[in-house]
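A.B. asks: Pasting target.csv here (CSV, C-alpha atoms):
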chain,number,residue,atom,x,y,z
X,133,MET,CA,329.7,-37.3,128.1
X,134,PRO,CA,331.9,-36.3,125.2
X,135,PRO,CA,334.3,-34.0,127.1
X,136,ALA,CA,335.0,-36.7,129.7
X,137,ARG,CA,335.6,-39.3,127.0
X,138,ARG,CA,338.1,-37.0,125.2
X,139,GLY,CA,340.0,-36.3,128.4
X,140,ARG,CA,340.3,-40.1,129.1
X,141,ASN,CA,341.8,-40.7,125.6
X,142,ARG,CA,344.3,-38.0,126.1
X,143,HIS,CA,345.4,-39.6,129.4
X,144,GLN,CA,345.9,-43.0,127.6
X,145,ASN,CA,348.1,-41.4,124.9
X,146,ASN,CA,350.3,-39.8,127.5
X,147,ASN,CA,350.9,-43.2,129.2
X,148,ASN,CA,351.7,-44.9,125.9
X,149,ASN,CA,354.0,-42.2,124.4
X,150,ASN,CA,356.0,-40.7,127.3
X,151,ASN,CA,359.3,-40.6,125.3
X,152,ASN,CA,357.9,-39.3,122.1
X,153,ASN,CA,358.3,-35.4,121.9
X,154,ASP,CA,356.1,-35.1,118.8
X,155,ASP,CA,353.5,-37.0,120.7
X,156,ASP,CA,354.0,-34.7,123.6
X,157,ASP,CA,353.3,-31.8,121.3
X,158,ASP,CA,350.3,-33.6,120.2
X,159,ASP,CA,349.4,-34.1,123.8
X,160,ASP,CA,349.8,-30.3,124.4
X,161,ASP,CA,347.4,-29.7,121.5
X,162,GLU,CA,345.1,-32.2,123.1
X,163,VAL,CA,345.3,-30.4,126.4
X,164,TYR,CA,344.3,-27.2,124.6
X,165,GLU,CA,341.6,-29.0,122.9
X,166,GLY,CA,340.5,-30.4,126.2
X,167,VAL,CA,340.1,-26.8,127.6
X,168,ASP,CA,338.1,-25.9,124.6
X,169,SER,CA,336.0,-29.0,125.1
X,170,ASN,CA,335.3,-28.0,128.7
X,171,GLU,CA,334.2,-24.6,127.5
X,172,GLY,CA,332.0,-26.3,125.1
X,173,GLY,CA,330.9,-28.5,127.8
X,174,ASP,CA,329.7,-25.5,129.8
X,175,ASN,CA,327.5,-24.6,126.9
X,176,ASN,CA,326.2,-28.1,126.7
X,177,ASN,CA,325.5,-28.0,130.4
X,178,GLY,CA,323.3,-24.9,129.7
X,179,GLU,CA,321.5,-27.0,127.1
X,180,ASP,CA,321.2,-29.7,129.8
X,181,ASP,CA,319.5,-27.2,132.0
X,182,ASP,CA,317.1,-26.4,129.3
X,183,ASP,CA,316.4,-30.1,128.9
X,184,ASP,CA,315.8,-30.2,132.6
X,185,ASP,CA,313.3,-27.4,132.3
X,186,ASP,CA,311.6,-29.2,129.5
X,187,ASP,CA,311.4,-32.3,131.6
X,188,GLU,CA,309.7,-30.3,134.4
X,189,ASP,CA,307.3,-28.9,131.9
X,190,ASP,CA,306.6,-32.4,130.7
X,191,GLU,CA,305.9,-33.5,134.3
X,192,THR,CA,303.4,-30.6,134.8
X,193,ASN,CA,301.7,-31.2,131.4
X,194,PRO,CA,299.7,-34.4,131.5
X,195,LEU,CA,299.5,-34.4,127.7
X,196,ALA,CA,303.2,-34.8,127.4
X,197,GLN,CA,303.0,-38.2,129.0
X,198,MET,CA,300.5,-39.4,126.4
X,199,PRO,CA,301.2,-41.1,123.0
X,200,GLU,CA,301.1,-38.7,120.1
X,201,TYR,CA,297.9,-40.2,118.7
X,202,VAL,CA,296.1,-39.9,122.0
X,203,ARG,CA,297.3,-36.4,122.6
X,204,LYS,CA,295.8,-35.2,119.4
X,205,ARG,CA,292.5,-36.6,120.3
X,206,VAL,CA,292.6,-35.0,123.8
X,207,GLU,CA,293.5,-31.7,122.2
X,208,LYS,CA,290.4,-32.0,120.1
X,209,LEU,CA,288.3,-32.5,123.2
X,210,GLN,CA,289.9,-29.4,124.7
X,211,GLU,CA,288.8,-27.4,121.6
X,212,LEU,CA,285.3,-28.7,122.1
X,213,ASP,CA,285.4,-27.7,125.8
X,214,SER,CA,286.5,-24.2,124.8
X,215,ALA,CA,283.5,-24.0,122.4
X,216,ARG,CA,281.2,-25.1,125.2
X,217,GLU,CA,282.5,-22.3,127.4
X,218,SER,CA,281.6,-19.8,124.6
X,219,VAL,CA,278.1,-21.2,124.4
X,220,MET,CA,277.8,-21.1,128.2
X,221,GLU,CA,278.8,-17.4,128.2
X,222,GLN,CA,276.0,-16.7,125.7
X,223,TYR,CA,273.6,-18.8,127.9
X,224,LEU,CA,274.6,-16.8,131.0
X,225,LYS,CA,274.1,-13.5,129.1
X,226,GLU,CA,270.7,-14.5,127.8
X,227,ARG,CA,269.6,-16.0,131.1
X,228,SER,CA,270.6,-12.9,132.9
X,229,GLU,CA,268.5,-10.9,130.6
X,230,MET,CA,265.5,-13.2,131.2
X,231,GLU,CA,266.0,-13.0,134.9
X,232,LYS,CA,265.8,-9.2,134.7
X,233,LYS,CA,262.8,-9.4,132.5
X,234,PHE,CA,260.8,-11.6,134.9
X,235,ALA,CA,262.1,-9.7,137.9
X,236,ALA,CA,260.5,-6.6,136.5
X,237,LEU,CA,257.2,-8.5,136.0
X,238,LEU,CA,257.3,-9.8,139.6
X,239,GLN,CA,258.3,-6.6,141.3
X,240,PRO,CA,254.8,-5.0,141.1
X,241,LEU,CA,253.4,-8.0,142.8
X,242,TYR,CA,256.0,-7.7,145.6
X,243,ASP,CA,255.2,-4.0,145.9
X,244,GLN,CA,251.5,-4.9,146.3
X,245,ARG,CA,252.4,-7.5,148.9
X,246,SER,CA,254.3,-4.9,150.9
X,247,ALA,CA,251.3,-2.5,150.7
X,248,VAL,CA,249.0,-5.2,152.0
X,249,VAL,CA,251.3,-6.1,154.9
X,250,MET,CA,251.7,-2.4,155.8
X,251,GLY,CA,248.0,-1.7,155.7
X,252,GLU,CA,248.0,0.6,152.8
X,253,GLN,CA,245.2,-1.5,151.1
X,254,ASP,CA,243.1,-2.1,154.1
X,255,ASP,CA,240.2,0.1,153.0
X,256,GLU,CA,240.2,-1.2,149.5
X,257,ILE,CA,240.3,-4.9,150.6
X,258,ALA,CA,237.5,-4.2,153.1
X,259,LYS,CA,235.4,-2.5,150.5
X,260,LYS,CA,235.7,-5.4,148.1
X,261,ALA,CA,235.0,-7.9,150.8
X,262,THR,CA,231.8,-6.0,151.9
X,263,MET,CA,230.6,-5.8,148.3
X,264,ALA,CA,231.1,-9.4,147.7
X,265,ALA,CA,229.3,-10.4,150.9
X,266,ALA,CA,226.4,-8.1,150.0
X,267,LYS,CA,225.9,-9.9,146.7
X,268,ASP,CA,226.1,-13.4,148.2
X,269,THR,CA,223.2,-13.3,150.7
X,270,THR,CA,220.5,-11.1,152.0
X,271,ALA,CA,221.7,-11.7,155.5
X,272,ALA,CA,225.1,-10.3,154.7
X,273,ALA,CA,223.4,-7.2,153.2
X,274,ALA,CA,221.5,-6.7,156.4
X,275,ALA,CA,224.7,-7.0,158.4
X,276,VAL,CA,226.2,-4.3,156.2
X,277,GLY,CA,223.3,-2.0,157.0
X,278,ALA,CA,223.8,-2.5,160.7
X,279,THR,CA,227.4,-1.4,160.6
X,280,ASN,CA,226.4,1.6,158.6
X,281,GLY,CA,224.3,3.0,161.4
X,282,ASP,CA,221.6,0.6,162.5
X,283,GLN,CA,223.8,-0.7,165.3
X,284,PRO,CA,227.0,0.7,166.8
X,285,PRO,CA,230.2,-1.2,166.1
X,286,GLY,CA,231.1,-3.8,168.7
X,287,PRO,CA,234.5,-4.0,170.5
X,288,GLU,CA,235.9,-6.5,168.1
X,289,GLU,CA,235.1,-4.2,165.1
X,290,VAL,CA,236.6,-1.2,166.9
X,291,ALA,CA,239.8,-3.2,167.6
X,292,ALA,CA,240.0,-4.5,164.1
X,293,ALA,CA,239.7,-1.0,162.7
X,294,ALA,CA,242.7,0.0,164.8
X,295,VAL,CA,244.9,-2.7,163.4
X,296,ARG,CA,246.5,-1.9,160.1
X,297,GLY,CA,247.9,-4.5,157.7
X,298,ILE,CA,249.1,-7.8,158.9
X,299,PRO,CA,250.9,-7.6,162.3
X,300,HIS,CA,254.1,-9.6,162.8
X,301,PHE,CA,254.0,-10.8,159.2
X,302,TRP,CA,257.7,-11.1,158.5
X,303,VAL,CA,258.9,-12.2,161.9
X,304,THR,CA,256.3,-15.0,161.7
X,305,ALA,CA,257.4,-16.0,158.2
X,306,LEU,CA,261.1,-16.1,159.3
X,307,SER,CA,260.4,-18.0,162.5
X,308,ASN,CA,258.5,-20.7,160.6
X,309,HIS,CA,261.6,-21.5,158.5
X,310,ASP,CA,263.8,-24.0,160.2
X,311,THR,CA,267.2,-22.6,159.0
X,312,ILE,CA,266.3,-19.0,160.0
X,313,GLY,CA,264.0,-19.7,162.9
X,314,GLU,CA,266.6,-21.4,165.0
X,315,LEU,CA,268.7,-18.3,164.9
X,316,ILE,CA,266.0,-16.0,166.2
X,317,THR,CA,265.9,-15.3,169.9
X,318,GLU,CA,263.1,-13.8,172.0
X,319,GLU,CA,264.8,-10.4,172.0
X,320,ASP,CA,265.1,-10.6,168.2
X,321,VAL,CA,261.4,-11.2,167.9
X,322,ASP,CA,260.6,-7.9,169.6
X,323,CYS,CA,263.0,-6.1,167.1
X,324,LEU,CA,261.8,-8.0,164.0
X,325,GLN,CA,258.2,-6.9,164.7
X,326,HIS,CA,259.3,-3.6,163.2
X,327,LEU,CA,260.4,-5.3,160.0
X,328,GLN,CA,258.3,-3.9,157.1
X,329,ASP,CA,259.7,-5.7,154.1
X,330,ILE,CA,262.5,-8.1,152.8
X,331,VAL,CA,263.8,-7.4,149.3
X,332,CYS,CA,266.2,-9.4,147.2
X,333,LEU,CA,268.0,-7.5,144.3
X,334,ASP,CA,270.0,-9.5,141.8
X,335,GLN,CA,273.0,-7.9,140.2
X,336,GLU,CA,272.8,-6.9,136.5
X,337,ASP,CA,275.2,-9.5,135.4
X,338,GLY,CA,273.6,-12.3,137.3
X,339,LYS,CA,276.7,-12.9,139.4
X,340,GLY,CA,275.4,-11.9,142.8
X,341,PHE,CA,272.6,-10.5,144.8
X,342,THR,CA,271.8,-8.1,147.7
X,343,ILE,CA,269.2,-8.8,150.5
X,344,GLN,CA,267.6,-5.8,152.1
X,345,PHE,CA,265.7,-5.8,155.4
X,346,LYS,CA,263.6,-2.6,155.7
X,347,PHE,CA,262.6,-1.5,159.1
X,348,GLY,CA,260.2,1.1,160.5
X,349,PRO,CA,261.2,3.4,163.4
X,350,ASN,CA,262.2,1.3,166.4
X,351,GLU,CA,264.0,1.5,169.8
X,352,TYR,CA,266.9,-0.8,168.7
X,353,PHE,CA,268.9,0.8,166.0
X,354,HIS,CA,269.0,3.9,163.8
X,355,ASP,CA,269.2,2.2,160.4
X,356,ALA,CA,266.2,2.0,158.1
X,357,VAL,CA,267.7,-0.7,155.9
X,358,LEU,CA,270.1,-3.5,156.8
X,359,THR,CA,271.8,-5.2,153.8
X,360,LYS,CA,274.0,-8.1,152.9
X,361,THR,CA,275.6,-8.6,149.5
X,362,TYR,CA,276.9,-11.8,147.9
X,363,GLU,CA,279.1,-12.0,144.8
X,364,VAL,CA,278.7,-15.5,143.3
X,365,PRO,CA,280.2,-15.8,139.8
X,366,ASN,CA,278.4,-19.1,139.0
X,367,LEU,CA,275.1,-18.2,140.6
X,368,LEU,CA,272.9,-18.9,137.6
X,369,PHE,CA,274.5,-22.2,136.3
X,370,SER,CA,275.8,-24.2,139.2
X,371,ASP,CA,274.2,-26.1,142.1
X,372,GLU,CA,277.4,-25.5,144.1
X,373,PRO,CA,278.0,-21.7,144.2
X,374,MET,CA,281.5,-20.3,144.5
X,375,LEU,CA,281.5,-17.3,146.9
X,376,LYS,CA,283.8,-14.6,145.7
X,377,GLN,CA,282.9,-12.0,148.3
X,378,VAL,CA,280.4,-11.4,151.1
X,379,LYS,CA,279.8,-8.0,152.5
X,380,GLY,CA,277.5,-7.3,155.5
X,381,CYS,CA,276.7,-4.0,157.1
X,382,VAL,CA,277.3,-2.2,160.4
X,383,ILE,CA,274.2,-1.8,162.7
X,384,HIS,CA,274.1,1.4,164.6
X,385,TRP,CA,272.5,0.4,167.8
X,386,LYS,CA,270.8,2.9,170.0
X,387,GLU,CA,271.5,3.5,173.7
X,388,GLY,CA,268.7,2.6,176.1
X,389,ASN,CA,267.4,4.3,179.2
X,390,ASN,CA,268.5,2.8,182.5
X,391,ASN,CA,267.1,4.1,185.7
X,392,ASN,CA,268.4,1.2,187.7
X,393,ASN,CA,271.6,1.6,189.7
X,394,ASN,CA,272.7,-2.0,189.1
X,395,ASN,CA,276.0,-1.9,187.2
X,396,ASN,CA,275.3,-5.1,185.5
X,397,ASN,CA,272.3,-3.7,183.6
X,398,ASN,CA,273.1,-2.9,180.0
X,399,THR,CA,272.0,0.5,178.7
X,400,ASP,CA,272.8,-0.4,175.1
X,401,ARG,CA,270.0,-1.8,172.9
X,402,CYS,CA,272.5,-3.9,171.0
X,403,LEU,CA,271.2,-7.5,170.5
X,404,THR,CA,274.5,-9.0,169.4
X,405,TYR,CA,276.8,-8.1,172.2
X,406,ARG,CA,276.4,-7.0,175.8
X,407,LYS,CA,278.6,-4.9,178.0
X,408,ILE,CA,279.1,-6.1,181.5
X,409,GLN,CA,280.6,-3.9,184.2
X,410,LYS,CA,282.5,-5.7,187.0
X,411,LYS,CA,284.4,-4.4,190.0
X,412,GLN,CA,288.0,-5.5,190.3
X,413,ARG,CA,290.2,-5.2,193.3
X,414,GLY,CA,293.8,-4.2,192.9
X,415,LYS,CA,296.8,-6.3,193.8
X,416,GLY,CA,300.3,-5.5,195.1
X,417,LYS,CA,300.9,-1.8,195.4
X,418,LYS,CA,297.3,-1.2,194.4
X,419,ALA,CA,295.9,-3.5,197.0
X,420,GLY,CA,292.7,-2.2,198.5
X,421,GLN,CA,291.9,-0.1,195.4
X,422,VAL,CA,288.7,-1.0,193.5
X,423,ARG,CA,288.2,-0.2,189.8
X,424,THR,CA,285.3,-0.9,187.5
X,425,ILE,CA,286.1,-2.6,184.2
X,426,THR,CA,283.7,-3.2,181.2
X,427,LYS,CA,283.7,-6.4,179.3
X,428,THR,CA,281.9,-7.2,176.0
X,429,GLU,CA,280.3,-10.6,175.6
X,430,LYS,CA,278.7,-12.0,172.5
X,431,LYS,CA,275.0,-12.8,172.6
X,432,GLU,CA,273.1,-15.2,170.5
X,433,SER,CA,271.1,-13.3,167.9
X,434,PHE,CA,269.9,-13.5,164.3
X,435,PHE,CA,271.4,-10.1,163.7
X,436,HIS,CA,274.9,-11.6,163.7
X,437,TRP,CA,274.0,-12.7,160.1
X,438,PHE,CA,274.4,-9.1,158.9
X,439,GLU,CA,278.1,-9.1,159.9
X,440,THR,CA,280.7,-9.5,157.2
X,441,PRO,CA,282.3,-13.0,157.7
X,442,PRO,CA,286.1,-13.2,158.0
X,443,THR,CA,288.1,-13.5,154.8
X,444,MET,CA,289.3,-16.9,153.9
X,445,PRO,CA,293.1,-17.0,154.6
X,446,THR,CA,295.5,-17.8,151.8
X,447,ASN,CA,297.5,-20.2,154.0
X,448,MET,CA,294.7,-22.6,154.7
X,449,ASP,CA,297.1,-25.5,154.1
X,450,GLN,CA,299.0,-24.4,157.2
X,451,MET,CA,296.0,-24.1,159.4
X,452,GLU,CA,294.7,-26.8,161.8
X,453,GLU,CA,292.1,-29.0,160.2
X,454,GLU,CA,289.6,-28.2,162.9
X,455,ASP,CA,290.0,-24.5,162.3
X,456,VAL,CA,289.5,-24.9,158.6
X,457,ASP,CA,286.4,-27.0,159.1
X,458,GLU,CA,285.0,-24.4,161.5
X,459,MET,CA,285.6,-21.6,159.0
X,460,GLU,CA,284.1,-23.5,156.1
X,461,GLU,CA,281.0,-24.4,158.3
X,462,GLN,CA,280.6,-20.7,159.1
X,463,PHE,CA,280.5,-19.8,155.4
X,464,THR,CA,278.1,-22.6,154.7
X,465,ASP,CA,275.7,-21.7,157.4
X,466,ASP,CA,275.8,-18.0,156.4
X,467,PHE,CA,275.0,-18.8,152.8
X,468,GLU,CA,272.3,-21.2,153.7
X,469,VAL,CA,270.4,-18.3,155.3
X,470,ALA,CA,271.0,-16.2,152.2
X,471,GLN,CA,269.7,-18.9,150.0
X,472,ALA,CA,266.6,-19.4,152.2
X,473,LEU,CA,265.8,-15.7,152.0
X,474,ARG,CA,266.4,-15.4,148.3
X,475,GLY,CA,264.8,-18.6,147.1
X,476,GLU,CA,262.1,-19.2,149.6
X,477,ILE,CA,261.1,-16.4,152.0
X,478,CYS,CA,261.2,-13.5,149.6
X,479,PRO,CA,259.3,-15.1,146.7
X,480,ARG,CA,256.7,-16.9,148.8
X,481,ALA,CA,256.5,-15.1,152.1
X,482,VAL,CA,252.7,-15.7,152.6
X,483,LEU,CA,253.2,-19.5,152.6
X,484,TRP,CA,255.8,-19.2,155.3
X,485,PHE,CA,253.6,-16.9,157.3
X,486,THR,CA,250.7,-19.3,157.2
X,487,GLY,CA,252.9,-22.3,157.8
X,488,GLU,CA,251.9,-24.0,154.5
X,489,ALA,CA,255.4,-24.0,153.1
X,490,ALA,CA,256.9,-25.6,156.2
X,491,GLU,CA,254.1,-28.2,156.1
X,492,ARG,CA,254.8,-28.9,152.4
X,493,GLU,CA,258.5,-29.3,153.2
X,494,MET,CA,257.7,-31.8,156.0
X,495,LEU,CA,255.4,-33.8,153.7
X,496,GLU,CA,258.0,-33.9,150.9
X,497,MET,CA,260.7,-35.0,153.4
X,498,MET,CA,258.4,-37.8,154.7
X,499,ALA,CA,257.6,-38.9,151.2
X,500,ALA,CA,261.2,-39.0,150.2
X,501,ALA,CA,262.1,-41.0,153.3
X,502,GLY,CA,259.3,-43.4,152.5
X,503,GLU,CA,260.5,-43.9,149.0
X,504,GLY,CA,264.0,-44.6,150.3
X,505,GLU,CA,262.7,-47.2,152.7
X,506,ASN,CA,260.6,-48.9,150.0
X,507,GLN,CA,263.7,-49.1,147.7
X,508,GLN,CA,265.6,-50.8,150.5
X,509,ASP,CA,262.7,-53.3,151.1
X,510,GLU,CA,262.4,-54.2,147.5
X,511,PRO,CA,264.0,-57.6,146.8
X,512,GLN,CA,267.1,-57.5,144.7
X,513,ASN,CA,267.1,-59.3,141.4
X,514,PRO,CA,269.8,-62.0,141.2
Would you encode the structure as structure tokens?

C.D. replies:
Amino acid sequence: MPPARRGRNRHQNNNNNNNNNDDDDDDDDEVYEGVDSNEGGDNNNGEDDDDDDDDEDDETNPLAQMPEYVRKRVEKLQELDSARESVMEQYLKERSEMEKKFAALLQPLYDQRSAVVMGEQDDEIAKKATMAAAKDTTAAAAAVGATNGDQPPGPEEVAAAAVRGIPHFWVTALSNHDTIGELITEEDVDCLQHLQDIVCLDQEDGKGFTIQFKFGPNEYFHDAVLTKTYEVPNLLFSDEPMLKQVKGCVIHWKEGNNNNNNNNNNTDRCLTYRKIQKKQRGKGKKAGQVRTITKTEKKESFFHWFETPPTMPTNMDQMEEEDVDEMEEQFTDDFEVAQALRGEICPRAVLWFTGEAAEREMLEMMAAAGEGENQQDEPQNP
């Protein structure tokens, strides 16, 4: 470095001219100059720090390691990528508008489906069926006359008249779906029989959706609607959605009636947790004393899905790999249920109720497996 080189020259002059006063004066001047040089060196050290910062920037910037002619071409590609992002923003906006347009066209059909399930169109459907049967054959017309007064209605007809809509429609559709059905317990089935409708509402900007479960009056909870909301910024243009936020709801469970004196019986209608009372004997100074403690245990239930999942921690790199995998699996399983409801159950509920959808899935899986085996059996060309 220049300051060090100047100091070394001064030391050599002193050794060569120890008896020369003028030279000593010159040496003094050189000492002074050396001080100035050190001060200047400090400034240069600051410049060196800047150079170090530049070096760090170069290390973090991949373009800095490229030849100039390659860097210019990559920068052009970056411009094209920015232009693509602008086009995709326009695509997202227009697709969002189209989604809303067709959602508005589909909603009346879903409303009619709900009316049929709830029995609000029973009379109209029966009337149309009777009229169609009367036009088909004379025998059908005679049967219609019998029901109008020639013969009293039979037990089956009386029972049919008492049933409104399609009983157990939604719980059957849910149970027939593999992803959802495996979460439903026998206790859940009793509660889900009160389910009247499942609705999926997409957000205006197309970056999320809310699923609503609408219930009739029941002995399990007070809520008329249970909801879960997902914020997914890339919902409309990616096969691998990025979950930004998931928000469930609190279920307000009712208290049951318990006329049994058994302390282990649970008076709460909660399907997700149970309270167990146990007697505990004291120790030490409290020996001989007995107290009753209440513990809460988690139960298997589909209704856990309505809970808000834990927030992803920011220090995942410091967590154990098993804990990270478990948390990621929990988010994956949770969103699989949401996707099944949004993309399969809600739009085509009747096919899941009849079992046709599950049968189709099975046939498609078998066909795909067969194609895979055929491809493996095909001889490879040399």

A.B. asks: Pick out the residues sitting within 9 Å of Ala489 in chain X, and hand them over as a ChimeraX atom specification; count all atoms listed in the file, and ignore anything fewer than 3 positions along from it in its own chain.

C.D. replies: /X:308-309,476,480,482-486,492-494

A.B. asks: Smallest atom-to-atom distance to Glu429 in chain X: which of X:Trp302, X:Cys402, X:Met444, X:Thr342, using only C-alpha atoms?

C.D. replies: X:Cys402

A.B. asks: Report the distance between CA of Gly380 in chain X and CA of Tyr362 in chain X in Å, rounded to one decimal place.

C.D. replies: 8.9 Å

A.B. asks: Can you list every residue of range 408-514 of chain X that has an atom at most 10 Å from range 318-321 of chain X, with its nearest atom pair and the distance in Å to one decimal, using all atoms listed in the file, ordered by chain then number, as CSV?

C.D. replies:
residue,atom,partner,partner_atom,distance
X:Glu432,CA,X:Asp320,CA,9.5
X:Ser433,CA,X:Asp320,CA,6.6
X:Phe434,CA,X:Asp320,CA,6.8
X:Phe435,CA,X:Asp320,CA,7.8

A.B. asks: Between X:Glu372, X:Asp310, X:Glu231, X:Glu211, which has the minimum distance to Leu333 in chain X (counting only C-alpha atoms)?

C.D. replies: X:Glu231

A.B. asks: Just give me the gap between CA of Ile477 in chain X and CA of Ala258 in chain X in Å, one decimal is fine.

C.D. replies: 26.6 Å

A.B. asks: For CA of Lys346 in chain X and CA of Thr317 in chain X, determine how far apart the two atoms are, in Å to one decimal place.

C.D. replies: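 Separation between CA of Lys346 in chain X and CA of Thr317 in chain X: 19.2 Å.
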
A.B. asks: Got a sec: who's within 7 Å of range 436-439 of chain X, counting only C-alpha atoms, leaving out chain neighbours fewer than 5 positions off, as a list in words?

C.D. replies: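 Final neighbour list, sorted by chain and number: Thr359, Lys360, Gly380, Cys381, Val382, Thr404 and Asp466 of chain X.
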
A.B. asks: Counting all atoms listed in the file, figure out which residue out of X:Glu503, X:Leu224, X:Cys478, X:Thr464 gets nearest to Phe345 in chain X.

C.D. replies: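 The shortest atom-to-atom distance to Phe345 in chain X comes from X:Cys478.
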
A.B. asks: Pick the closest to Gly313 in chain X from X:Ala265, X:Gly251, X:Val469, X:Pro479: which is it, counting only C-alpha atoms?

C.D. replies: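 Of all the options, X:Val469 lies closest to Gly313 in chain X.
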
A.B. asks: Within 12 Å of Asp465 in chain X, counting only C-alpha atoms, which residues show up once you throw out same-chain ones fewer than 4 positions away? Write them as a VMD selection string, please.

C.D. replies: chain X and resid 311 to 312 314 to 315 436 to 437 441 458 to 461 469 to 472

A.B. asks: Deliver the residues from the most recent selection as a file, using C-alpha atoms, as a short mmCIF file (atom, residue, chain, number, x, y, z; two decimals), keeping the file's coordinate frame.

C.D. replies:
data_model
loop_
_atom_site.label_atom_id
_atom_site.label_comp_id
_atom_site.auth_asym_id
_atom_site.auth_seq_id
_atom_site.Cartn_x
_atom_site.Cartn_y
_atom_site.Cartn_z
CA THR X 311 267.20 -22.60 159.00
CA ILE X 312 266.30 -19.00 160.00
CA GLU X 314 266.60 -21.40 165.00
CA LEU X 315 268.70 -18.30 164.90
CA HIS X 436 274.90 -11.60 163.70
CA TRP X 437 274.00 -12.70 160.10
CA PRO X 441 282.30 -13.00 157.70
CA GLU X 458 285.00 -24.40 161.50
CA MET X 459 285.60 -21.60 159.00
CA GLU X 460 284.10 -23.50 156.10
CA GLU X 461 281.00 -24.40 158.30
CA VAL X 469 270.40 -18.30 155.30
CA ALA X 470 271.00 -16.20 152.20
CA GLN X 471 269.70 -18.90 150.00
CA ALA X 472 266.60 -19.40 152.20
#

A.B. asks: Taking all atoms listed in the file into account, which of X:Phe341, X:Phe467, X:Phe353, X:Phe347 comes nearest Gly388 in chain X?

C.D. replies: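 Comparing X:Phe341, X:Phe467, X:Phe353, X:Phe347 against Gly388 in chain X, the winner is X:Phe353.
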
A.B. asks: Add whatever atoms are absent from range 340-344 of chain X to reach all heavy atoms, and provide the output as a PDB file, in the coordinates of the input.

C.D. replies:
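The resulting file, selection38.pdb, is shown below:
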ATOM      1  N   GLY X 340     275.508 -12.270 141.397  1.00  0.00           N
ATOM      2  CA  GLY X 340     275.400 -11.900 142.800  1.00  0.00           C
ATOM      3  C   GLY X 340     274.066 -11.324 143.138  1.00  0.00           C
ATOM      4  O   GLY X 340     273.214 -11.125 142.250  1.00  0.00           O
ATOM      5  N   PHE X 341     273.861 -11.022 144.404  1.00  0.00           N
ATOM      6  CA  PHE X 341     272.600 -10.500 144.800  1.00  0.00           C
ATOM      7  C   PHE X 341     272.779  -9.741 146.167  1.00  0.00           C
ATOM      8  O   PHE X 341     273.761  -9.969 146.891  1.00  0.00           O
ATOM      9  CB  PHE X 341     271.514 -11.533 144.968  1.00  0.00           C
ATOM     10  CG  PHE X 341     271.870 -12.638 145.922  1.00  0.00           C
ATOM     11  CD1 PHE X 341     271.512 -12.574 147.265  1.00  0.00           C
ATOM     12  CD2 PHE X 341     272.574 -13.750 145.487  1.00  0.00           C
ATOM     13  CE1 PHE X 341     271.846 -13.593 148.145  1.00  0.00           C
ATOM     14  CE2 PHE X 341     272.914 -14.773 146.353  1.00  0.00           C
ATOM     15  CZ  PHE X 341     272.544 -14.698 147.690  1.00  0.00           C
ATOM     16  N   THR X 342     271.818  -8.869 146.469  1.00  0.00           N
ATOM     17  CA  THR X 342     271.800  -8.100 147.700  1.00  0.00           C
ATOM     18  C   THR X 342     270.453  -8.333 148.395  1.00  0.00           C
ATOM     19  O   THR X 342     269.409  -8.226 147.739  1.00  0.00           O
ATOM     20  CB  THR X 342     272.035  -6.630 147.504  1.00  0.00           C
ATOM     21  OG1 THR X 342     273.338  -6.435 146.947  1.00  0.00           O
ATOM     22  CG2 THR X 342     271.944  -5.860 148.815  1.00  0.00           C
ATOM     23  N   ILE X 343     270.466  -8.640 149.681  1.00  0.00           N
ATOM     24  CA  ILE X 343     269.200  -8.800 150.500  1.00  0.00           C
ATOM     25  C   ILE X 343     269.084  -7.602 151.366  1.00  0.00           C
ATOM     26  O   ILE X 343     270.014  -7.217 152.068  1.00  0.00           O
ATOM     27  CB  ILE X 343     269.272 -10.102 151.268  1.00  0.00           C
ATOM     28  CG1 ILE X 343     269.291 -11.305 150.312  1.00  0.00           C
ATOM     29  CG2 ILE X 343     268.060 -10.192 152.195  1.00  0.00           C
ATOM     30  CD1 ILE X 343     269.424 -12.634 151.008  1.00  0.00           C
ATOM     31  N   GLN X 344     267.889  -7.002 151.339  1.00  0.00           N
ATOM     32  CA  GLN X 344     267.600  -5.800 152.100  1.00  0.00           C
ATOM     33  C   GLN X 344     266.493  -6.124 153.150  1.00  0.00           C
ATOM     34  O   GLN X 344     265.463  -6.691 152.794  1.00  0.00           O
ATOM     35  CB  GLN X 344     267.162  -4.655 151.253  1.00  0.00           C
ATOM     36  CG  GLN X 344     268.201  -4.169 150.256  1.00  0.00           C
ATOM     37  CD  GLN X 344     267.684  -3.026 149.409  1.00  0.00           C
ATOM     38  OE1 GLN X 344     266.468  -2.808 149.300  1.00  0.00           O
ATOM     39  NE2 GLN X 344     268.594  -2.279 148.808  1.00  0.00           N
TER      40      GLN X 344
END
